[in-house]
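Asker: mmCIF, C-alpha atoms, saved as model_38.cif, coming up:
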```
data_upload
loop_
_atom_site.group_PDB
_atom_site.id
_atom_site.type_symbol
_atom_site.label_atom_id
_atom_site.label_comp_id
_atom_site.auth_asym_id
_atom_site.auth_seq_id
_atom_site.Cartn_x
_atom_site.Cartn_y
_atom_site.Cartn_z
ATOM 1 C CA MET A 118 100.340 38.303 77.517
ATOM 2 C CA ALA A 119 99.031 36.335 74.516
ATOM 3 C CA ILE A 120 95.994 38.653 74.299
ATOM 4 C CA LEU A 121 98.262 41.725 74.404
ATOM 5 C CA ILE A 122 100.505 40.355 71.642
ATOM 6 C CA ARG A 123 97.440 39.570 69.502
ATOM 7 C CA ALA A 124 96.098 43.096 69.995
ATOM 8 C CA ILE A 125 99.419 44.656 68.999
ATOM 9 C CA ALA A 126 99.546 42.423 65.928
ATOM 10 C CA LEU A 127 96.083 43.557 64.853
ATOM 11 C CA LEU A 128 97.097 47.209 65.197
ATOM 12 C CA LEU A 129 100.164 46.574 63.061
ATOM 13 C CA LEU A 130 98.067 44.845 60.424
ATOM 14 C CA PHE A 131 95.482 47.631 60.231
ATOM 15 C CA PRO A 132 97.206 50.855 61.293
ATOM 16 C CA PHE A 133 95.785 53.139 58.624
ATOM 17 C CA ALA A 134 92.166 52.098 59.077
ATOM 18 C CA ALA A 135 92.461 52.570 62.827
ATOM 19 C CA MET A 136 93.974 56.039 62.445
ATOM 20 C CA ALA A 137 91.701 57.261 59.652
ATOM 21 C CA GLN A 138 88.487 56.103 61.275
ATOM 22 C CA ASP A 139 88.413 59.107 63.564
ATOM 23 C CA LEU A 140 87.852 61.890 60.968
ATOM 24 C CA PRO A 141 89.132 64.342 63.600
ATOM 25 C CA SER A 142 87.946 67.568 61.967
ATOM 26 C CA TRP A 143 84.351 66.310 61.799
ATOM 27 C CA ASN A 144 82.025 66.968 64.704
ATOM 28 C CA GLU A 145 80.259 63.972 66.175
ATOM 29 C CA GLY A 146 76.774 63.758 64.719
ATOM 30 C CA THR A 147 74.576 62.291 62.017
ATOM 31 C CA SER A 148 76.801 63.331 59.085
ATOM 32 C CA LYS A 149 79.969 61.751 60.387
ATOM 33 C CA GLN A 150 78.077 58.678 61.572
ATOM 34 C CA ALA A 151 76.371 58.201 58.199
ATOM 35 C CA ILE A 152 79.751 58.138 56.440
ATOM 36 C CA VAL A 153 81.262 55.699 58.944
ATOM 37 C CA ASP A 154 78.204 53.419 58.817
ATOM 38 C CA PHE A 155 78.312 53.261 55.012
ATOM 39 C CA VAL A 156 82.025 52.454 54.918
ATOM 40 C CA LYS A 157 81.629 49.761 57.567
ATOM 41 C CA LYS A 158 78.739 48.236 55.646
ATOM 42 C CA VAL A 159 80.515 47.960 52.301
ATOM 43 C CA THR A 160 83.802 46.715 53.791
ATOM 44 C CA ASP A 161 82.291 44.020 56.056
ATOM 45 C CA GLN A 162 82.366 40.677 54.260
ATOM 46 C CA SER A 163 79.553 39.381 56.464
ATOM 47 C CA ASN A 164 77.248 42.222 55.392
ATOM 48 C CA ALA A 165 74.838 41.735 52.485
ATOM 49 C CA ASP A 166 75.996 45.107 51.077
ATOM 50 C CA PHE A 167 79.688 44.163 51.040
ATOM 51 C CA VAL A 168 81.559 45.539 48.003
ATOM 52 C CA LYS A 169 84.736 43.985 46.660
ATOM 53 C CA GLN A 170 87.744 46.284 46.925
ATOM 54 C CA GLU A 171 88.147 46.686 43.161
ATOM 55 C CA ASP A 172 84.614 48.096 43.007
ATOM 56 C CA ARG A 173 85.082 50.607 45.824
ATOM 57 C CA ILE A 174 85.319 53.692 43.648
ATOM 58 C CA ALA A 175 84.764 57.170 45.110
ATOM 59 C CA VAL A 176 84.447 60.324 43.000
ATOM 60 C CA PHE A 177 84.768 63.907 44.241
ATOM 61 C CA ASP A 178 84.019 67.207 42.610
ATOM 62 C CA ASN A 179 86.828 69.707 43.205
ATOM 63 C CA ASP A 180 85.651 73.352 43.217
ATOM 64 C CA GLY A 181 83.580 73.949 46.345
ATOM 65 C CA THR A 182 83.873 70.303 47.406
ATOM 66 C CA LEU A 183 87.591 69.857 48.062
ATOM 67 C CA TRP A 184 88.694 73.499 47.998
ATOM 68 C CA SER A 185 87.019 76.911 48.073
ATOM 69 C CA GLU A 186 85.368 78.312 44.955
ATOM 70 C CA GLN A 187 84.501 81.827 46.157
ATOM 71 C CA PRO A 188 84.703 84.695 45.352
ATOM 72 C CA PHE A 189 85.319 82.958 42.003
ATOM 73 C CA TYR A 190 86.664 79.646 40.724
ATOM 74 C CA PHE A 191 90.416 79.344 41.184
ATOM 75 C CA GLN A 192 90.841 78.625 37.484
ATOM 76 C CA LEU A 193 89.086 81.907 36.709
ATOM 77 C CA GLY A 194 91.635 83.601 38.964
ATOM 78 C CA PHE A 195 94.343 81.942 36.891
ATOM 79 C CA ILE A 196 92.709 83.182 33.671
ATOM 80 C CA LEU A 197 92.497 86.752 34.985
ATOM 81 C CA ASP A 198 96.164 86.716 35.980
ATOM 82 C CA ARG A 199 97.202 85.233 32.637
ATOM 83 C CA VAL A 200 95.288 87.890 30.688
ATOM 84 C CA LYS A 201 97.190 90.588 32.598
ATOM 85 C CA ALA A 202 100.508 88.810 32.062
ATOM 86 C CA LEU A 203 99.906 88.384 28.315
ATOM 87 C CA ALA A 204 98.416 91.862 27.730
ATOM 88 C CA PRO A 205 101.707 93.501 26.618
ATOM 89 C CA GLN A 206 101.801 91.030 23.720
ATOM 90 C CA HIS A 207 98.211 91.899 22.755
ATOM 91 C CA PRO A 208 97.663 95.682 22.651
ATOM 92 C CA GLU A 209 94.334 95.064 20.879
ATOM 93 C CA TRP A 210 92.919 93.682 24.144
ATOM 94 C CA ALA A 211 92.776 97.204 25.580
ATOM 95 C CA GLU A 212 89.668 97.848 23.443
ATOM 96 C CA LYS A 213 88.333 94.324 22.979
ATOM 97 C CA GLU A 214 85.839 92.672 25.306
ATOM 98 C CA PRO A 215 85.956 90.677 27.514
ATOM 99 C CA PHE A 216 89.696 91.400 27.769
ATOM 100 C CA LYS A 217 89.106 95.121 28.254
ATOM 101 C CA SER A 218 86.968 94.506 31.359
ATOM 102 C CA VAL A 219 89.474 92.028 32.787
ATOM 103 C CA LEU A 220 92.326 94.510 32.420
ATOM 104 C CA ALA A 221 90.171 97.194 34.067
ATOM 105 C CA GLY A 222 89.329 94.884 36.981
ATOM 106 C CA ASP A 223 85.655 95.012 36.014
ATOM 107 C CA LEU A 224 84.407 91.486 36.704
ATOM 108 C CA LYS A 225 80.760 92.478 36.178
ATOM 109 C CA GLY A 226 81.638 93.824 32.754
ATOM 110 C CA MET A 227 83.521 90.617 31.977
ATOM 111 C CA ALA A 228 80.496 88.565 33.051
ATOM 112 C CA LYS A 229 78.329 90.322 30.460
ATOM 113 C CA GLY A 230 80.151 88.282 27.819
ATOM 114 C CA GLY A 231 78.558 85.163 29.251
ATOM 115 C CA GLU A 232 79.820 81.675 28.453
ATOM 116 C CA LYS A 233 81.133 82.781 25.060
ATOM 117 C CA GLY A 234 83.341 85.398 26.700
ATOM 118 C CA ILE A 235 84.709 82.950 29.268
ATOM 119 C CA VAL A 236 85.530 80.467 26.515
ATOM 120 C CA GLU A 237 87.342 83.200 24.579
ATOM 121 C CA LEU A 238 89.391 84.084 27.663
ATOM 122 C CA GLY A 239 90.127 80.417 28.290
ATOM 123 C CA MET A 240 91.334 79.770 24.754
ATOM 124 C CA ALA A 241 93.555 82.862 24.812
ATOM 125 C CA THR A 242 95.218 81.816 28.076
ATOM 126 C CA HIS A 243 95.205 78.002 27.848
ATOM 127 C CA ALA A 244 96.039 77.251 24.199
ATOM 128 C CA GLY A 245 98.892 78.020 21.806
ATOM 129 C CA MET A 246 101.550 76.158 23.777
ATOM 130 C CA THR A 247 102.687 72.631 24.545
ATOM 131 C CA THR A 248 101.285 70.614 27.435
ATOM 132 C CA ASP A 249 104.656 70.803 29.216
ATOM 133 C CA GLU A 250 104.745 74.594 28.872
ATOM 134 C CA PHE A 251 101.232 74.907 30.233
ATOM 135 C CA THR A 252 102.012 72.649 33.200
ATOM 136 C CA LYS A 253 104.974 74.833 34.153
ATOM 137 C CA ILE A 254 102.855 77.995 33.952
ATOM 138 C CA VAL A 255 100.230 76.432 36.217
ATOM 139 C CA ILE A 256 102.812 75.204 38.743
ATOM 140 C CA ASP A 257 104.422 78.657 38.888
ATOM 141 C CA TRP A 258 101.016 80.297 39.360
ATOM 142 C CA TYR A 259 100.108 77.971 42.237
ATOM 143 C CA ALA A 260 103.436 78.729 43.881
ATOM 144 C CA SER A 261 103.003 82.497 43.822
ATOM 145 C CA SER A 262 99.278 83.389 43.828
ATOM 146 C CA LYS A 263 97.203 84.162 46.919
ATOM 147 C CA HIS A 264 93.495 83.861 47.697
ATOM 148 C CA PRO A 265 91.814 87.309 47.683
ATOM 149 C CA LYS A 266 90.012 86.817 51.019
ATOM 150 C CA THR A 267 92.484 84.929 53.206
ATOM 151 C CA GLY A 268 95.761 85.957 51.604
ATOM 152 C CA LYS A 269 96.799 82.312 51.766
ATOM 153 C CA PRO A 270 98.315 80.436 48.805
ATOM 154 C CA TYR A 271 95.611 78.764 46.735
ATOM 155 C CA ASN A 272 97.082 75.348 47.468
ATOM 156 C CA GLU A 273 96.346 75.888 51.185
ATOM 157 C CA MET A 274 92.650 76.589 50.567
ATOM 158 C CA THR A 275 91.706 72.908 50.647
ATOM 159 C CA PHE A 276 89.066 71.671 53.089
ATOM 160 C CA LEU A 277 90.711 69.677 55.875
ATOM 161 C CA PRO A 278 87.614 67.540 56.660
ATOM 162 C CA MET A 279 87.377 66.464 53.017
ATOM 163 C CA ARG A 280 91.069 65.601 52.870
ATOM 164 C CA GLU A 281 90.499 63.454 55.966
ATOM 165 C CA LEU A 282 87.548 61.826 54.220
ATOM 166 C CA LEU A 283 89.723 60.987 51.211
ATOM 167 C CA ASP A 284 92.316 59.419 53.523
ATOM 168 C CA TYR A 285 89.609 57.521 55.400
ATOM 169 C CA LEU A 286 88.140 56.050 52.239
ATOM 170 C CA ARG A 287 91.534 55.028 50.874
ATOM 171 C CA ALA A 288 92.414 53.414 54.208
ATOM 172 C CA ASN A 289 89.298 51.289 53.739
ATOM 173 C CA GLY A 290 90.150 50.093 50.248
ATOM 174 C CA PHE A 291 88.571 52.832 48.121
ATOM 175 C CA LYS A 292 90.176 54.294 45.014
ATOM 176 C CA THR A 293 89.540 58.045 44.914
ATOM 177 C CA TYR A 294 89.055 60.184 41.805
ATOM 178 C CA ILE A 295 88.414 63.845 41.092
ATOM 179 C CA VAL A 296 85.611 64.495 38.595
ATOM 180 C CA SER A 297 85.443 68.238 38.008
ATOM 181 C CA GLY A 298 84.290 70.810 35.494
ATOM 182 C CA GLY A 299 87.705 72.431 35.882
ATOM 183 C CA GLY A 300 90.450 71.973 33.329
ATOM 184 C CA ILE A 301 92.149 68.613 33.724
ATOM 185 C CA GLU A 302 95.656 70.002 33.107
ATOM 186 C CA PHE A 303 94.979 72.908 35.457
ATOM 187 C CA MET A 304 94.212 70.487 38.318
ATOM 188 C CA ARG A 305 96.724 67.722 37.727
ATOM 189 C CA PRO A 306 99.834 69.636 38.855
ATOM 190 C CA ILE A 307 98.322 70.145 42.339
ATOM 191 C CA THR A 308 96.031 67.190 43.132
ATOM 192 C CA GLU A 309 98.618 64.663 44.261
ATOM 193 C CA LYS A 310 100.216 67.023 46.778
ATOM 194 C CA ALA A 311 96.905 68.527 47.875
ATOM 195 C CA TYR A 312 94.747 65.399 48.102
ATOM 196 C CA GLY A 313 96.886 62.320 47.481
ATOM 197 C CA ILE A 314 95.131 61.844 44.126
ATOM 198 C CA PRO A 315 97.589 61.180 41.263
ATOM 199 C CA PRO A 316 97.150 62.832 37.846
ATOM 200 C CA GLU A 317 95.786 59.668 36.221
ATOM 201 C CA GLN A 318 92.850 59.738 38.666
ATOM 202 C CA VAL A 319 91.737 63.231 37.669
ATOM 203 C CA ILE A 320 88.869 63.687 35.204
ATOM 204 C CA GLY A 321 88.130 67.199 33.983
ATOM 205 C CA SER A 322 87.301 69.388 31.027
ATOM 206 C CA THR A 323 89.787 69.318 28.156
ATOM 207 C CA ILE A 324 90.798 71.283 25.118
ATOM 208 C CA ALA A 325 92.021 69.554 21.964
ATOM 209 C CA THR A 326 95.665 68.547 21.699
ATOM 210 C CA GLU A 327 97.706 67.256 18.777
ATOM 211 C CA TYR A 328 100.997 65.452 18.391
ATOM 212 C CA ALA A 329 103.729 67.423 16.637
ATOM 213 C CA LEU A 330 107.507 67.617 16.251
ATOM 214 C CA ASP A 331 109.450 70.613 17.504
ATOM 215 C CA GLY A 332 112.536 70.017 15.434
ATOM 216 C CA ASP A 333 113.037 66.369 16.265
ATOM 217 C CA VAL A 334 111.388 66.564 19.702
ATOM 218 C CA PRO A 335 107.863 65.131 20.018
ATOM 219 C CA VAL A 336 105.395 67.454 21.773
ATOM 220 C CA LEU A 337 101.666 67.786 22.391
ATOM 221 C CA ASN A 338 100.304 71.152 21.332
ATOM 222 C CA ARG A 339 97.235 72.653 23.009
ATOM 223 C CA LEU A 340 94.714 73.913 20.443
ATOM 224 C CA PRO A 341 92.068 76.655 20.845
ATOM 225 C CA LYS A 342 89.235 74.158 20.609
ATOM 226 C CA ILE A 343 87.100 72.585 23.346
ATOM 227 C CA ASP A 344 87.348 68.809 23.426
ATOM 228 C CA PHE A 345 85.142 67.779 26.390
ATOM 229 C CA ILE A 346 83.163 69.597 29.100
ATOM 230 C CA ASP A 347 83.169 67.551 32.292
ATOM 231 C CA ASP A 348 80.232 69.229 33.996
ATOM 232 C CA GLY A 349 76.559 68.446 34.554
ATOM 233 C CA ALA A 350 75.560 65.481 32.399
ATOM 234 C CA GLY A 351 79.148 65.267 31.188
ATOM 235 C CA LYS A 352 80.332 63.965 34.560
ATOM 236 C CA PRO A 353 78.690 60.502 34.389
ATOM 237 C CA VAL A 354 79.868 60.282 30.774
ATOM 238 C CA GLY A 355 83.418 61.095 31.839
ATOM 239 C CA ILE A 356 83.315 58.575 34.685
ATOM 240 C CA ASN A 357 82.139 55.815 32.374
ATOM 241 C CA LYS A 358 84.677 56.758 29.706
ATOM 242 C CA PHE A 359 87.749 57.057 31.899
ATOM 243 C CA ILE A 360 87.059 54.841 34.932
ATOM 244 C CA GLY A 361 84.846 52.126 33.466
ATOM 245 C CA ARG A 362 83.227 51.288 36.805
ATOM 246 C CA ARG A 363 80.197 52.898 38.435
ATOM 247 C CA PRO A 364 81.351 54.518 41.713
ATOM 248 C CA ILE A 365 79.673 53.714 45.013
ATOM 249 C CA PHE A 366 80.552 57.026 46.703
ATOM 250 C CA VAL A 367 80.122 60.539 45.317
ATOM 251 C CA ALA A 368 80.708 63.986 46.824
ATOM 252 C CA GLY A 369 79.719 67.297 45.264
ATOM 253 C CA ASN A 370 78.453 70.723 46.247
ATOM 254 C CA SER A 371 76.448 72.212 43.384
ATOM 255 C CA ASP A 372 73.906 71.562 40.662
ATOM 256 C CA GLY A 373 76.848 70.863 38.368
ATOM 257 C CA ASP A 374 77.152 67.612 40.326
ATOM 258 C CA TYR A 375 73.432 66.752 40.131
ATOM 259 C CA GLU A 376 73.672 64.196 37.316
ATOM 260 C CA MET A 377 76.740 62.589 38.889
ATOM 261 C CA LEU A 378 74.885 62.284 42.198
ATOM 262 C CA ARG A 379 71.874 60.759 40.443
ATOM 263 C CA TRP A 380 73.990 58.270 38.479
ATOM 264 C CA VAL A 381 76.058 57.044 41.412
ATOM 265 C CA THR A 382 73.237 56.787 43.937
ATOM 266 C CA GLY A 383 70.763 55.408 41.386
ATOM 267 C CA GLY A 384 72.957 52.483 40.394
ATOM 268 C CA PRO A 385 72.481 48.848 41.406
ATOM 269 C CA GLN A 386 74.687 49.357 44.477
ATOM 270 C CA LYS A 387 72.653 52.423 45.621
ATOM 271 C CA GLY A 388 75.831 54.372 46.277
ATOM 272 C CA PHE A 389 76.371 57.040 48.915
ATOM 273 C CA GLY A 390 75.790 60.671 47.925
ATOM 274 C CA LEU A 391 77.241 63.622 49.850
ATOM 275 C CA ILE A 392 76.688 67.345 49.267
ATOM 276 C CA VAL A 393 78.914 69.963 50.889
ATOM 277 C CA HIS A 394 76.578 72.825 51.867
ATOM 278 C CA HIS A 395 78.382 76.151 52.314
ATOM 279 C CA THR A 396 76.777 77.616 55.429
ATOM 280 C CA ASP A 397 79.678 79.276 57.246
ATOM 281 C CA ALA A 398 79.989 82.947 56.275
ATOM 282 C CA GLU A 399 82.534 83.613 59.020
ATOM 283 C CA ARG A 400 85.085 80.853 58.404
ATOM 284 C CA GLU A 401 84.432 80.453 54.660
ATOM 285 C CA TYR A 402 81.342 81.589 52.698
ATOM 286 C CA ALA A 403 77.575 81.051 52.930
ATOM 287 C CA TYR A 404 75.772 80.519 49.622
ATOM 288 C CA ASP A 405 73.554 78.125 47.699
ATOM 289 C CA ARG A 406 70.558 78.864 45.458
ATOM 290 C CA LYS A 407 71.527 82.321 44.154
ATOM 291 C CA SER A 408 75.280 82.071 43.870
ATOM 292 C CA ASP A 409 77.017 82.799 40.552
ATOM 293 C CA PHE A 410 79.649 80.222 41.451
ATOM 294 C CA GLY A 411 78.688 76.809 42.778
ATOM 295 C CA ARG A 412 74.917 77.366 42.692
ATOM 296 C CA LEU A 413 73.145 74.701 44.750
ATOM 297 C CA ASP A 414 69.428 74.759 43.993
ATOM 298 C CA LYS A 415 67.918 71.665 42.379
ATOM 299 C CA ALA A 416 70.224 69.267 44.228
ATOM 300 C CA LEU A 417 69.443 71.048 47.506
ATOM 301 C CA THR A 418 65.692 70.702 46.910
ATOM 302 C CA GLU A 419 65.958 66.979 46.146
ATOM 303 C CA ALA A 420 68.648 66.019 48.667
ATOM 304 C CA GLU A 421 66.296 64.687 51.331
ATOM 305 C CA SER A 422 64.040 62.733 48.963
ATOM 306 C CA ARG A 423 67.054 61.130 47.259
ATOM 307 C CA ASN A 424 68.746 60.343 50.581
ATOM 308 C CA TRP A 425 71.812 62.471 49.829
ATOM 309 C CA LEU A 426 73.754 63.519 52.914
ATOM 310 C CA LEU A 427 73.723 67.309 53.250
ATOM 311 C CA VAL A 428 76.896 68.266 55.117
ATOM 312 C CA ASP A 429 76.460 71.562 56.965
ATOM 313 C CA MET A 430 79.939 73.136 57.021
ATOM 314 C CA LYS A 431 79.128 75.344 60.023
ATOM 315 C CA GLN A 432 77.653 72.540 62.119
ATOM 316 C CA ASP A 433 79.556 69.464 60.962
ATOM 317 C CA TRP A 434 83.148 70.692 60.665
ATOM 318 C CA LYS A 435 85.385 71.662 63.594
ATOM 319 C CA LYS A 436 87.901 73.170 61.195
ATOM 320 C CA ILE A 437 87.607 74.128 57.555
ATOM 321 C CA TYR A 438 91.245 74.729 56.607
ATOM 322 C CA ALA A 439 94.399 73.268 58.119
ATOM 323 C CA PHE A 440 95.490 76.810 59.058
ATOM 324 C CA ASP A 441 92.296 77.555 61.079
#
```
For the file at hand, write its structure as structure tokens.
Answerer:
Amino acid sequence: MAILIRAIALLLLFPFAAMAQDLPSWNEGTSKQAIVDFVKKVTDQSNADFVKQEDRIAVFDNDGTLWSEQPFYFQLGFILDRVKALAPQHPEWAEKEPFKSVLAGDLKGMAKGGEKGIVELGMATHAGMTTDEFTKIVIDWYASSKHPKTGKPYNEMTFLPMRELLDYLRANGFKTYIVSGGGIEFMRPITEKAYGIPPEQVIGSTIATEYALDGDVPVLNRLPKIDFIDDGAGKPVGINKFIGRRPIFVAGNSDGDYEMLRWVTGGPQKGFGLIVHHTDAEREYAYDRKSDFGRLDKALTEAESRNWLLVDMKQDWKKIYAFD
């Protein structure tokens, strides 16, 4: 009886770790085992690689790592919808690129404008309003917009195995952050509900804002000027600037995460690096080296030599979305 009572007490003390340890949507195999082995190692006080809880920081890219990014980034979908919604106020867009191509549904024509064109679209749809106004627009868009392939709401297009991984890490004392090239105020309205990551633990690209008074009401106005690009080499910079600790776990899916992977896994702790490899054309998409969105080339080539775990979506995941 005493042994039974002790066992029940242990389960009550550690319920979340016991539940989260399963990672139910992951197939048994080397990928799942590598994650579990790393977490056990850094949380075991008797292990030489033990990491104090305050230093258990995990960072995750968003697009293509936590939710789908094909056939285009979700934020690009938001931009396209906003251009169409704002077009009646801007009749000049009917003859002005890249707006003309967007309104005609010509994504290839829009792409000819390159980075400059995307920035112009972003400024036209993301600036000229207060932060509160923008947040409401984003929330309304998430509530009504559907993914072009599945017809599901965008907020249901999150990867179930990665959500389980976030839960598993948090159950073992990790603090989880999003570090994404996406707009920080585009992601913040959804991340807590989608991933359990609060707004203050989201790092992303930003446009300039300024304090102003609307009558006697203080507001923050969004300006048509880029403040910070949180992509590529900007990701380690953003982590250092906003977190102040070098993470020991990093997950990404593209060459935009390459520098973040290098920085986390090349630190004194030799952190764990994970790459989500999109290999399932039937349940999601299959792409890597030649993709326009989420290109995985250099990081794919170096994954084995740098000991980064390459997660094969088709082989390693039982389910991709909760609705599968």
Asker: Measure the distance from atom CA of Leu282 of chain A to atom CA of Ser262 of chain A in Å and round it to one decimal.
Answerer: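 Result for atom CA of Leu282 of chain A versus atom CA of Ser262 of chain A: 26.7 Å, one decimal.
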Asker: What's around Trp434 of chain A at 7 Å? Count all atoms listed in the file, leave out sequence neighbours fewer than 6 positions away in its own chain, and write the answer as a VMD selection string.
Answerer: chain A and resid 142 to 144 278
Asker: With distances taken over all atoms listed in the file, which residue among A:Gly411, A:Pro306, A:Gly300, A:Gly230 lies nearest Ile196 of chain A?
Answerer: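 Residue with the minimum atom-to-atom distance to Ile196 of chain A: A:Gly300.
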Asker: So which residues get picked by the PyMOL selection byres ((chain A and resi 308-322) around 7) here, written as a list of chain:residue names?
Answerer: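 What the PyMOL selection byres ((chain A and resi 308-322) around 7) grabs from the file is A:Asn272, A:Arg280, A:Thr293, A:Tyr294, A:Ile295, A:Val296, A:Ser297, A:Gly298, A:Gly299, A:Gly300, A:Ile301, A:Met304, A:Arg305, A:Pro306, A:Ile307, A:Thr323, A:Phe345, A:Ile346, A:Asp347, A:Gly355.
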Asker: Which of these, A:Leu140, A:Leu340, A:Leu330, A:Leu183, has the shortest distance to Ile392 of chain A once you count all atoms listed in the file?
Answerer: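 Checking each of A:Leu140, A:Leu340, A:Leu330, A:Leu183 against Ile392 of chain A, counting all atoms listed in the file, the winner is A:Leu183.
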Asker: Once the PyMOL selection byres ((chain A and resi 153) around 10) is applied to the coordinates I shared, what remains selected? I want it as a list in words.
Answerer: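 Listing what the PyMOL selection byres ((chain A and resi 153) around 10) selects in the shown file: Gln138, Asp139, Leu140, Thr147, Ser148, Lys149, Gln150, Ala151, Ile152, Asp154, Phe155, Val156, Lys157, Lys158, Leu282, Tyr285 and Leu286 of chain A.
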Asker: I'd like the contact shell of Trp210 of chain A - 10 Å cut-off, all atoms listed in the file, skipping same-chain residues fewer than 6 positions apart - returned as an NGL selection string.
Answerer: :A and (200-201 or 203-204 or 216-220)
Asker: Take atom CA of Ile356 of chain A and atom CA of Lys387 of chain A and report the distance between them in Å, one decimal.
Answerer: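 About the pair atom CA of Ile356 of chain A and atom CA of Lys387 of chain A: they are 16.5 Å apart.
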Asker: How far is it from atom CA of Asp172 of chain A to atom CA of Thr382 of chain A, in Å with one decimal?
Answerer: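 Interatomic distance here is 14.3 Å.
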Asker: Contacts of Pro385 of chain A at 12 Å or less, counting all atoms listed in the file, minus same-chain residues fewer than 3 places along, as a PyMOL selection string?
Answerer: chain A and resi 166+168+362-365+379-382+388-389
Asker: For Arg400 of chain A, work out the shell of residues within 9 Å, counting all atoms listed in the file and skipping chain neighbours fewer than 4 positions away, then give it as a VMD selection string.
Answerer: chain A and resid 431 436 to 438 441
Asker: Would you mind telling me which residue in A:Leu417, A:Lys229, A:Ala165, A:Lys263 lies nearest to Gln386 of chain A when using all atoms listed in the file?
Answerer: A:Ala165
Asker: Decode the PyMOL selection byres ((chain A and resi 186-191) around 8) for the given file into explicit residues and return them as a PDB file with C-alpha atoms, keeping the file's coordinate frame.
Answerer:
```
ATOM      1  CA  ASP A 180      85.651  73.352  43.217  1.00  0.00           C
ATOM      2  CA  GLY A 181      83.580  73.949  46.345  1.00  0.00           C
ATOM      3  CA  TRP A 184      88.694  73.499  47.998  1.00  0.00           C
ATOM      4  CA  SER A 185      87.019  76.911  48.073  1.00  0.00           C
ATOM      5  CA  GLN A 192      90.841  78.625  37.484  1.00  0.00           C
ATOM      6  CA  LEU A 193      89.086  81.907  36.709  1.00  0.00           C
ATOM      7  CA  GLY A 194      91.635  83.601  38.964  1.00  0.00           C
ATOM      8  CA  PHE A 195      94.343  81.942  36.891  1.00  0.00           C
ATOM      9  CA  PRO A 265      91.814  87.309  47.683  1.00  0.00           C
ATOM     10  CA  TYR A 271      95.611  78.764  46.735  1.00  0.00           C
ATOM     11  CA  TYR A 402      81.342  81.589  52.698  1.00  0.00           C
ATOM     12  CA  PHE A 410      79.649  80.222  41.451  1.00  0.00           C
ATOM     13  CA  GLY A 411      78.688  76.809  42.778  1.00  0.00           C
TER      14      GLY A 411
END
```
Asker: Restricting the calculation to only C-alpha atoms, which member of A:Gly390, A:Gly231, A:Gly268, A:Gly349 is positioned closest to Asp409 of chain A?
Answerer: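 Closest to Asp409 of chain A of all the choices is A:Gly231.
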Asker: Out of A:Asp414, A:Asn164, A:Ile235, A:Ala368, which residue has the shortest atom-to-atom distance to Leu426 of chain A when counting only C-alpha atoms?
Answerer: A:Ala368
